[in-house]
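Raw structure.csv, CSV, C-alpha atoms and all ligand atoms:
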chain,number,residue,atom,x,y,z
A,1,MET,CA,-26.2,22.8,-0.1
A,2,ASP,CA,-26.6,23.8,3.5
A,3,LEU,CA,-26.1,20.3,5.0
A,4,ALA,CA,-27.4,21.4,8.5
A,5,LEU,CA,-30.6,22.7,6.9
A,6,LEU,CA,-30.9,19.5,4.9
A,7,ASP,CA,-30.6,17.4,8.0
A,8,ALA,CA,-33.2,19.5,9.9
A,9,THR,CA,-35.6,19.6,7.0
A,10,LEU,CA,-35.5,15.8,6.4
A,11,GLY,CA,-36.1,15.4,10.2
A,12,GLU,CA,-39.1,17.7,10.0
A,13,LEU,CA,-40.4,15.7,7.0
A,14,GLY,CA,-40.2,12.5,9.1
A,15,GLN,CA,-37.6,10.9,6.8
A,16,PRO,CA,-35.4,8.0,7.9
A,17,GLY,CA,-31.9,8.7,9.0
A,18,PHE,CA,-30.3,7.4,5.8
A,19,ARG,CA,-32.1,9.9,3.6
A,20,ALA,CA,-29.5,12.7,4.2
A,21,GLY,CA,-26.7,10.4,3.1
A,22,GLN,CA,-28.6,9.4,0.0
A,23,VAL,CA,-29.2,13.1,-1.0
A,24,TRP,CA,-25.5,13.9,-0.3
A,25,ARG,CA,-24.2,11.0,-2.3
A,26,TRP,CA,-26.2,12.2,-5.4
A,27,THR,CA,-25.0,15.8,-4.8
A,28,ALA,CA,-21.4,14.7,-4.3
A,29,THR,CA,-21.3,12.8,-7.5
A,30,GLY,CA,-22.5,15.7,-9.6
A,31,ALA,CA,-26.3,15.4,-9.7
A,32,PRO,CA,-27.6,18.6,-11.3
A,33,GLY,CA,-30.6,18.9,-8.8
A,34,TYR,CA,-33.0,17.1,-6.6
A,35,ALA,CA,-35.0,15.9,-9.6
A,36,ALA,CA,-32.2,13.6,-10.6
A,37,MET,CA,-32.2,11.7,-7.3
A,38,THR,CA,-34.4,8.9,-8.5
A,39,ASP,CA,-34.3,6.7,-5.4
A,40,VAL,CA,-35.5,9.6,-3.2
A,41,PRO,CA,-39.4,9.7,-3.1
A,42,ALA,CA,-40.8,12.4,-5.4
A,43,GLY,CA,-42.7,14.1,-2.6
A,44,VAL,CA,-39.4,14.5,-0.6
A,45,ARG,CA,-37.6,15.8,-3.7
A,46,ALA,CA,-40.3,18.4,-4.2
A,47,ALA,CA,-40.3,19.5,-0.6
A,48,LEU,CA,-36.5,19.8,-0.6
A,49,GLY,CA,-36.7,21.9,-3.8
A,50,GLU,CA,-38.9,24.4,-1.9
A,51,ARG,CA,-37.1,24.4,1.4
A,52,VAL,CA,-33.4,23.7,0.9
A,53,PRO,CA,-31.7,25.6,-2.0
A,54,PHE,CA,-29.6,23.1,-4.0
A,55,SER,CA,-26.6,25.4,-3.6
A,56,THR,CA,-25.8,28.0,-0.9
A,57,LEU,CA,-24.1,30.0,-3.7
A,58,ALA,CA,-25.6,31.6,-6.8
A,59,VAL,CA,-23.4,31.9,-9.9
A,60,ALA,CA,-22.9,35.7,-10.7
A,61,ALA,CA,-20.4,35.2,-13.5
A,62,GLU,CA,-18.4,32.5,-15.2
A,63,ALA,CA,-15.4,33.0,-17.4
A,64,HIS,CA,-13.8,30.3,-19.6
A,65,ALA,CA,-10.1,30.8,-20.6
A,66,ARG,CA,-8.5,29.4,-23.8
A,67,ASP,CA,-6.5,27.0,-21.8
A,68,GLY,CA,-9.6,25.3,-20.3
A,69,THR,CA,-9.5,27.2,-17.0
A,70,VAL,CA,-13.0,28.1,-15.7
A,71,LYS,CA,-13.4,30.8,-13.1
A,72,ALA,CA,-16.7,31.3,-11.3
A,73,LEU,CA,-17.8,34.3,-9.3
A,74,PHE,CA,-20.6,33.4,-6.8
A,75,ARG,CA,-22.7,35.3,-4.4
A,76,THR,CA,-23.6,33.9,-1.0
A,77,GLY,CA,-27.2,34.1,0.3
A,78,ASP,CA,-26.3,37.4,1.9
A,79,GLY,CA,-24.8,38.8,-1.3
A,80,ARG,CA,-21.0,38.3,-0.5
A,81,PRO,CA,-18.7,37.6,-3.5
A,82,VAL,CA,-16.8,34.3,-3.6
A,83,GLU,CA,-14.5,33.1,-6.3
A,84,ALA,CA,-13.3,29.6,-7.3
A,85,VAL,CA,-11.4,28.3,-10.2
A,86,LEU,CA,-11.2,25.0,-12.1
A,87,MET,CA,-7.8,24.3,-13.7
A,88,ARG,CA,-7.6,21.6,-16.3
A,89,TYR,CA,-4.2,20.1,-17.2
A,90,ARG,CA,-3.1,18.0,-20.2
A,91,SER,CA,-2.3,15.1,-17.9
A,92,GLY,CA,-6.1,14.9,-17.1
A,93,ARG,CA,-5.7,16.4,-13.7
A,94,ARG,CA,-8.6,18.6,-12.7
A,95,SER,CA,-7.8,20.9,-9.8
A,96,VAL,CA,-10.2,23.2,-8.0
A,97,CYS,CA,-9.1,26.2,-6.1
A,98,VAL,CA,-11.6,27.4,-3.5
A,99,SER,CA,-12.0,30.4,-1.3
A,100,SER,CA,-12.3,30.1,2.5
A,101,GLN,CA,-13.5,33.7,3.1
A,102,SER,CA,-15.3,36.4,1.2
A,103,GLY,CA,-12.6,39.1,0.8
A,104,CYS,CA,-9.6,38.9,3.2
A,105,PRO,CA,-8.6,40.7,6.3
A,106,LEU,CA,-4.9,40.6,5.4
A,107,THR,CA,-3.3,43.0,3.0
A,108,CYS,CA,-0.6,41.2,1.0
A,109,THR,CA,0.5,43.9,-1.5
A,110,PHE,CA,0.5,41.7,-4.6
A,111,CYS,CA,-3.0,40.3,-4.1
A,112,ALA,CA,-6.3,41.6,-5.6
A,113,THR,CA,-8.3,40.1,-2.8
A,114,GLY,CA,-6.3,42.1,-0.3
A,115,THR,CA,-7.6,45.3,-1.8
A,116,MET,CA,-11.3,44.3,-1.3
A,117,ARG,CA,-13.3,44.8,1.9
A,118,PHE,CA,-13.3,41.7,4.1
A,119,ALA,CA,-16.9,40.4,4.4
A,120,ARG,CA,-16.9,37.2,6.5
A,121,ASN,CA,-15.7,33.6,6.9
A,122,LEU,CA,-17.5,31.1,4.6
A,123,THR,CA,-19.3,28.1,6.0
A,124,ALA,CA,-18.2,24.6,5.3
A,125,SER,CA,-21.2,24.2,3.0
A,126,GLU,CA,-20.3,27.4,1.1
A,127,ILE,CA,-16.8,26.0,0.6
A,128,LEU,CA,-18.2,22.6,-0.6
A,129,ASP,CA,-20.6,24.3,-2.9
A,130,GLN,CA,-17.7,25.8,-4.8
A,131,VAL,CA,-16.3,22.3,-5.4
A,132,LEU,CA,-19.7,20.9,-6.3
A,133,HIS,CA,-20.3,23.6,-8.9
A,134,PHE,CA,-17.3,22.3,-10.9
A,135,ARG,CA,-18.1,18.6,-10.0
A,136,ARG,CA,-21.3,19.1,-11.9
A,137,ILE,CA,-19.3,20.0,-15.0
A,138,GLU,CA,-16.9,17.1,-14.7
A,139,PRO,CA,-15.1,14.8,-12.2
A,140,VAL,CA,-12.4,16.6,-10.2
A,141,ASP,CA,-9.4,15.1,-8.4
A,142,HIS,CA,-7.3,17.9,-6.7
A,143,LEU,CA,-8.3,20.6,-4.3
A,144,VAL,CA,-6.4,23.6,-3.0
A,145,PHE,CA,-7.5,26.2,-0.4
A,146,MET,CA,-5.8,29.1,-2.1
A,147,GLY,CA,-8.6,31.4,-3.3
A,148,MET,CA,-9.9,34.4,-1.5
A,149,GLY,CA,-9.0,34.6,2.2
A,150,GLU,CA,-6.6,33.0,4.7
A,151,PRO,CA,-7.7,29.4,5.6
A,152,GLY,CA,-6.0,29.8,8.9
A,153,PHE,CA,-8.7,32.2,10.1
A,154,ASN,CA,-11.5,29.8,9.3
A,155,MET,CA,-10.0,26.4,10.0
A,156,ASP,CA,-13.2,24.8,11.5
A,157,ALA,CA,-15.0,25.3,8.2
A,158,VAL,CA,-12.0,24.4,6.1
A,159,LEU,CA,-11.6,21.1,8.0
A,160,GLY,CA,-15.4,20.5,7.9
A,161,ALA,CA,-15.4,20.9,4.1
A,162,ALA,CA,-12.1,18.9,3.7
A,163,ALA,CA,-13.6,16.0,5.7
A,164,ARG,CA,-16.2,15.5,3.0
A,165,VAL,CA,-14.3,16.0,-0.2
A,166,PRO,CA,-13.2,12.4,-0.6
A,167,GLU,CA,-16.9,11.7,-1.3
A,168,ILE,CA,-16.7,14.2,-4.2
A,169,GLY,CA,-13.7,12.3,-5.6
A,170,ILE,CA,-10.8,14.2,-4.1
A,171,THR,CA,-8.6,12.3,-1.6
A,172,HIS,CA,-7.1,14.1,1.4
A,173,ARG,CA,-3.6,13.6,0.1
A,174,ARG,CA,-4.7,15.6,-3.0
A,175,THR,CA,-6.1,18.3,-0.9
A,176,THR,CA,-3.8,21.2,0.0
A,177,VAL,CA,-4.3,24.0,2.5
A,178,SER,CA,-2.3,27.1,1.7
A,179,THR,CA,-1.5,29.6,4.4
A,180,VAL,CA,0.4,32.8,4.6
A,181,GLY,CA,1.8,31.5,7.9
A,182,TRP,CA,-1.0,32.1,10.3
A,183,LEU,CA,0.4,30.0,13.1
A,184,PRO,CA,-2.8,29.1,15.0
A,185,GLY,CA,-4.2,27.8,11.7
A,186,ILE,CA,-1.2,25.6,11.1
A,187,GLU,CA,-1.4,24.3,14.6
A,188,ARG,CA,-5.1,23.5,14.3
A,189,LEU,CA,-4.4,21.7,11.0
A,190,ALA,CA,-1.6,19.7,12.7
A,191,ALA,CA,-4.0,18.7,15.5
A,192,SER,CA,-6.6,17.4,13.0
A,193,ASP,CA,-6.5,13.8,11.9
A,194,LEU,CA,-7.0,14.5,8.2
A,195,PRO,CA,-3.8,13.8,6.2
A,196,LEU,CA,-4.0,17.1,4.2
A,197,ARG,CA,-1.0,18.7,2.5
A,198,LEU,CA,0.3,22.0,3.7
A,199,ALA,CA,1.5,24.9,1.6
A,200,PHE,CA,3.2,28.0,3.0
A,201,SER,CA,3.1,31.1,0.9
A,202,LEU,CA,6.5,32.5,1.7
A,203,HIS,CA,7.2,34.9,-1.2
A,204,ALA,CA,10.4,36.4,0.3
A,205,PRO,CA,13.6,34.9,1.7
A,206,ASP,CA,14.0,37.4,4.6
A,207,ASP,CA,11.8,39.1,7.2
A,208,ALA,CA,12.5,42.7,6.1
A,209,LEU,CA,11.2,42.1,2.5
A,210,ARG,CA,8.5,39.8,3.6
A,211,SER,CA,7.1,42.3,6.1
A,212,ARG,CA,7.1,44.9,3.3
A,213,ILE,CA,5.1,42.8,0.9
A,214,MET,CA,3.1,40.8,3.4
A,215,PRO,CA,2.4,42.7,6.7
A,216,VAL,CA,1.3,39.4,8.4
A,217,ASN,CA,5.0,38.7,8.7
A,218,ASP,CA,5.3,41.2,11.5
A,219,ARG,CA,3.0,39.0,13.5
A,220,TYR,CA,4.5,35.6,12.5
A,221,PRO,CA,8.1,35.9,11.2
A,222,ILE,CA,9.6,33.4,8.8
A,223,ALA,CA,11.5,31.3,11.3
A,224,ALA,CA,8.5,30.7,13.5
A,225,VAL,CA,6.4,29.6,10.6
A,226,LEU,CA,9.1,27.3,9.2
A,227,ASP,CA,9.4,25.7,12.6
A,228,ALA,CA,5.6,24.9,12.5
A,229,CYS,CA,6.0,23.6,8.9
A,230,ALA,CA,8.8,21.4,10.0
A,231,ALA,CA,6.8,20.0,12.8
A,232,TYR,CA,3.9,19.3,10.4
A,233,HIS,CA,6.3,17.5,8.1
A,234,ALA,CA,7.7,15.4,11.0
A,235,GLN,CA,4.1,14.4,11.9
A,236,ARG,CA,2.8,13.7,8.3
A,237,ARG,CA,5.9,12.7,6.4
A,238,ARG,CA,4.8,14.6,3.4
A,239,ARG,CA,6.8,17.4,1.9
A,240,VAL,CA,5.5,20.9,2.6
A,241,PHE,CA,5.0,23.1,-0.4
A,242,ILE,CA,6.6,26.6,-0.4
A,243,GLU,CA,4.7,29.0,-2.6
A,244,TYR,CA,6.9,31.8,-4.0
A,245,VAL,CA,5.4,34.3,-6.4
A,246,MET,CA,8.0,35.8,-8.8
A,247,LEU,CA,7.9,39.6,-8.7
A,248,ALA,CA,10.3,41.4,-11.0
A,249,GLY,CA,13.0,43.4,-9.2
A,250,VAL,CA,11.5,42.6,-5.8
A,251,ASN,CA,12.2,39.0,-4.8
A,252,ASP,CA,13.7,37.4,-7.9
A,253,ALA,CA,17.4,38.3,-7.8
A,254,TYR,CA,20.3,35.7,-7.6
A,255,PRO,CA,21.2,36.6,-3.9
A,256,GLN,CA,17.6,36.0,-3.0
A,257,ALA,CA,17.5,32.6,-4.6
A,258,LEU,CA,20.7,31.7,-2.6
A,259,GLN,CA,19.1,33.0,0.6
A,260,LEU,CA,16.0,31.0,-0.1
A,261,ALA,CA,18.0,27.8,-0.8
A,262,GLN,CA,19.9,28.2,2.5
A,263,LEU,CA,16.7,28.7,4.4
A,264,LEU,CA,14.9,25.6,3.2
A,265,ASP,CA,15.7,22.0,4.0
A,266,PRO,CA,15.3,19.9,0.8
A,267,ARG,CA,14.1,17.0,2.9
A,268,ILE,CA,11.1,19.0,4.1
A,269,TYR,CA,10.2,21.4,1.4
A,270,LYS,CA,9.4,21.6,-2.3
A,271,VAL,CA,9.2,25.0,-3.9
A,272,ASN,CA,6.5,26.1,-6.4
A,273,LEU,CA,7.6,29.2,-8.3
A,274,ILE,CA,4.5,31.1,-9.4
A,275,PRO,CA,4.7,33.4,-12.4
A,276,TYR,CA,2.9,36.6,-11.3
A,277,ASN,CA,-0.5,37.4,-12.8
A,278,PRO,CA,-0.2,41.2,-12.7
A,279,THR,CA,-2.9,43.0,-10.7
A,280,GLY,CA,-1.2,46.5,-11.0
A,281,ALA,CA,1.2,46.8,-8.1
A,282,TYR,CA,4.1,44.7,-9.5
A,283,ASP,CA,5.5,43.3,-12.7
A,284,GLY,CA,5.9,39.6,-13.1
A,285,SER,CA,9.5,38.2,-13.4
A,286,SER,CA,10.6,37.2,-16.9
A,287,ARG,CA,10.7,33.6,-17.9
A,288,GLY,CA,14.5,33.8,-17.9
A,289,ALA,CA,14.6,35.2,-14.4
A,290,ILE,CA,12.3,32.5,-13.1
A,291,ASP,CA,14.4,29.7,-14.8
A,292,ALA,CA,17.6,31.2,-13.3
A,293,PHE,CA,16.0,31.3,-9.9
A,294,LYS,CA,14.9,27.7,-10.2
A,295,ALA,CA,18.3,26.6,-11.2
A,296,VAL,CA,19.9,28.0,-8.0
A,297,LEU,CA,17.4,26.2,-5.9
A,298,GLU,CA,18.0,22.9,-7.7
A,299,GLU,CA,21.8,23.3,-7.4
A,300,HIS,CA,21.2,23.3,-3.7
A,301,GLY,CA,19.2,20.1,-3.8
A,302,LEU,CA,15.7,21.6,-3.6
A,303,ARG,CA,12.9,20.3,-5.7
A,304,ALA,CA,11.4,23.3,-7.5
A,305,THR,CA,8.7,23.6,-10.2
A,306,VAL,CA,7.4,26.5,-12.1
A,307,ARG,CA,3.6,26.6,-11.8
A,308,LEU,CA,1.9,26.6,-15.1
A,309,THR,CA,0.1,29.9,-15.8
A,310,ARG,CA,-3.6,29.2,-16.0
A,311,GLY,CA,-6.4,31.5,-17.2
A,312,ARG,CA,-4.4,34.6,-17.7
A,313,ASP,CA,-7.0,35.9,-20.2
A,314,ILE,CA,-9.8,35.7,-17.6
A,315,ASP,CA,-8.2,37.3,-14.5
A,316,ALA,CA,-7.8,34.0,-12.8
A,317,ALA,CA,-5.5,35.2,-10.0
A,318,CYS,CA,-6.9,35.2,-6.5
A,319,GLY,CA,-9.5,38.0,-6.1
A,320,GLN,CA,-9.2,39.5,-9.5
A,321,LEU,CA,-12.6,38.8,-10.8
A,322,ALA,CA,-14.4,39.8,-7.6
A,323,ALA,CA,-12.3,42.9,-7.2
A,324,LYS,CA,-13.2,44.0,-10.7
A,325,ALA,CA,-16.9,43.2,-10.1
A,326,THR,CA,-16.8,45.2,-6.8
A,327,ALA,CA,-15.2,48.1,-8.5
A,328,ALA,CA,-17.7,48.1,-11.3
A,329,ALA,CA,-20.5,48.0,-8.8
A,330,GLY,CA,-19.1,51.2,-7.4
B,1,LIG,S1,-2.7,36.5,-0.6
B,1,LIG,FE1,-4.2,35.4,0.5
B,1,LIG,S2,-3.9,36.1,2.7
B,1,LIG,FE2,-2.9,37.6,1.3
B,1,LIG,S3,-4.4,39.2,1.0
B,1,LIG,FE3,-4.6,37.7,-0.7
B,1,LIG,S4,-6.2,36.3,0.0
B,1,LIG,FE4,-5.5,37.4,1.8
As structure tokens, what does this structure read like?
Ligand code: SF4
Amino acid sequence: MDLALLDATLGELGQPGFRAGQVWRWTATGAPGYAAMTDVPAGVRAALGERVPFSTLAVAAEAHARDGTVKALFRTGDGRPVEAVLMRYRSGRRSVCVSSQSGCPLTCTFCATGTMRFARNLTASEILDQVLHFRRIEPVDHLVFMGMGEPGFNMDAVLGAAARVPEIGITHRRTTVSTVGWLPGIERLAASDLPLRLAFSLHAPDDALRSRIMPVNDRYPIAAVLDACAAYHAQRRRRVFIEYVMLAGVNDAYPQALQLAQLLDPRIYKVNLIPYNPTGAYDGSSRGAIDAFKAVLEEHGLRATVRLTRGRDIDAACGQLAAKATAAAG
């Protein structure tokens, strides 16, 4: 829902100031449409139905994996593709992964989104509408900005959306912004007063390899980004997540695990090892290689977890569904 348009329209309809909050509360708690908002006058509901689309996004496709993961491909009002994923865990946790941009201007070599044309930054309302789509299915309690795009390029909209997610049921402490290390974005995040968690997608233990698989590293090398992450940790007192995708024969060898362990202060970082959801360019590391890598990190005092693979059968990795749809559209 375009919240600025909602405010303007309610103003034009001569509605009292509390009406926008009333409509938002219904929306944030999973109402399927204006018709359900029983304490909003019927005439106002009808007018809103004509003038303010209930979502800024139209669902173009939805895929349901055997493990409960749901992936949605949306189109913005101007036809741009946007992906979001709902991950369901046995613990009851319901985590939504949202996109902050349609496409991505960066070109990480392991990422399907990086192969698509960059369209534009999403608005805060377009980000919230991804979360709300899943909230209409069931209550959700975790959020991660890790879908298409680099949140650091669009921090105003990311923070604008993040500010409102507690009203949808997701606390700030359960909201994570994941960046490839775009320093101005991390600094902007640090300057905000929202207690969000930070994740740094590192993916390589040295600059030479990282620049090869993530060209953004030429602009902001590892040491500079880790300095910013350490400053964020000092300010927030919450561990920073290090995301590390496991690519067979590329970044998963024993010496690389050692190098990573030496690079990261266990008091500041927690490592998430991510089994690779192949998009063509690389093979994923074997389970044995991932376990061995994890063991090295743990021997050096680092907390490390292996991310559960979700939605493999539905192309749930970042950008996979949209990249396929774009290719199919020619
Ligand atoms: S991994 Fe993230 S930053 Fe890199 S190309 Fe993909 S969407 Fe962009």
For Ala204 in chain A, the nearest of the candidates A:Glu187, A:Val240, A:Arg51, A:Leu260, counting all atoms listed in the file
A:Leu260
Go through A:Ala230, A:Met214, A:Ala8, A:Leu196 and flag the residue nearest ligand LIG 1 (chain B), using only C-alpha atoms and all ligand atoms for the distances.
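Smallest separation from ligand LIG 1 (chain B) among the options: A:Met214.
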Please identify all protein, DNA and RNA residues within 6 Å of ligand LIG 1 (chain B), counting all atoms listed in the file, and report them as a ChimeraX atom specification.
/A:104,106-108,111,113-114,148-150,180
Which residue, A:Asp218, A:Thr56, A:Glu12, A:Asp141, has the smallest gap to Ser91 in chain A when you use all atoms listed in the file?
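Closest residue, counting all atoms listed in the file: A:Asp141.
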Expressed in Å, the length from CA of Asp207 in chain A to CA of Phe110 in chain A is 16.5 Å
Find the residues near Asp7 in chain A: any atom within 9 Å, counting only C-alpha atoms, skip ones fewer than 4 places away on the same chain, and give them as a list in words.
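That gives Asp2, Leu3, Gly11, Glu12, Gly17, Arg19 and Ala20 of chain A.
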Within 10 Å of Ile170 in chain A, counting all atoms listed in the file, which residues qualify if same-chain residues fewer than 3 places away don't, as number ranges by chain?
A: 94-96, 131, 139-143, 162, 164-167, 173-175
Using all atoms listed in the file, find the one residue out of A:Ala28, A:Cys97, A:Leu6, A:Met246 that sits nearest to Asn277 in chain A.
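Checking each of A:Ala28, A:Cys97, A:Leu6, A:Met246 against Asn277 in chain A, counting all atoms listed in the file, the winner is A:Met246.
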Just give me the residues with any atom within 12 Å of (18.9, 23.5, -8.2), file coordinates, counting all atoms listed in the file, written as a VMD selection string.
chain A and resid 257 to 258 260 to 262 266 270 to 271 291 to 305
Given the choices A:Asp193, A:Asp39, A:Ile213, A:Ile268, which gets closest to Arg237 in chain A if the distance is worked out from all atoms listed in the file?
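Closest candidate: A:Ile268.
Distances here use all atoms listed in the file; by that measure, the residue among A:Ser102, A:Gln130, A:Asn121, A:Ser178 closest to Val59 in chain A is A:Gln130.
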Interatomic distance between CA of Thr76 in chain A and CA of Val158 in chain A?
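Computed distance, CA of Thr76 in chain A to CA of Val158 in chain A, equals 16.6 Å.
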Could you list, as a ChimeraX atom specification, every residue within 12 Å of Asn154 in chain A, counting all atoms listed in the file and ignoring same-chain residues fewer than 2 positions away?
/A:99-102,104-105,120-124,127,145,148-152,156-161,177,179,182,184-186,188-189
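If you look at CA of Leu247 in chain A and CA of Leu209 in chain A, they are 11.9 Å away from each other.
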May I have the residues within 10 Å of Gly68 in chain A as a PyMOL selection string, using all atoms listed in the file and disregarding those fewer than 6 positions away in the same chain?
chain A and resi 86-90+310-311
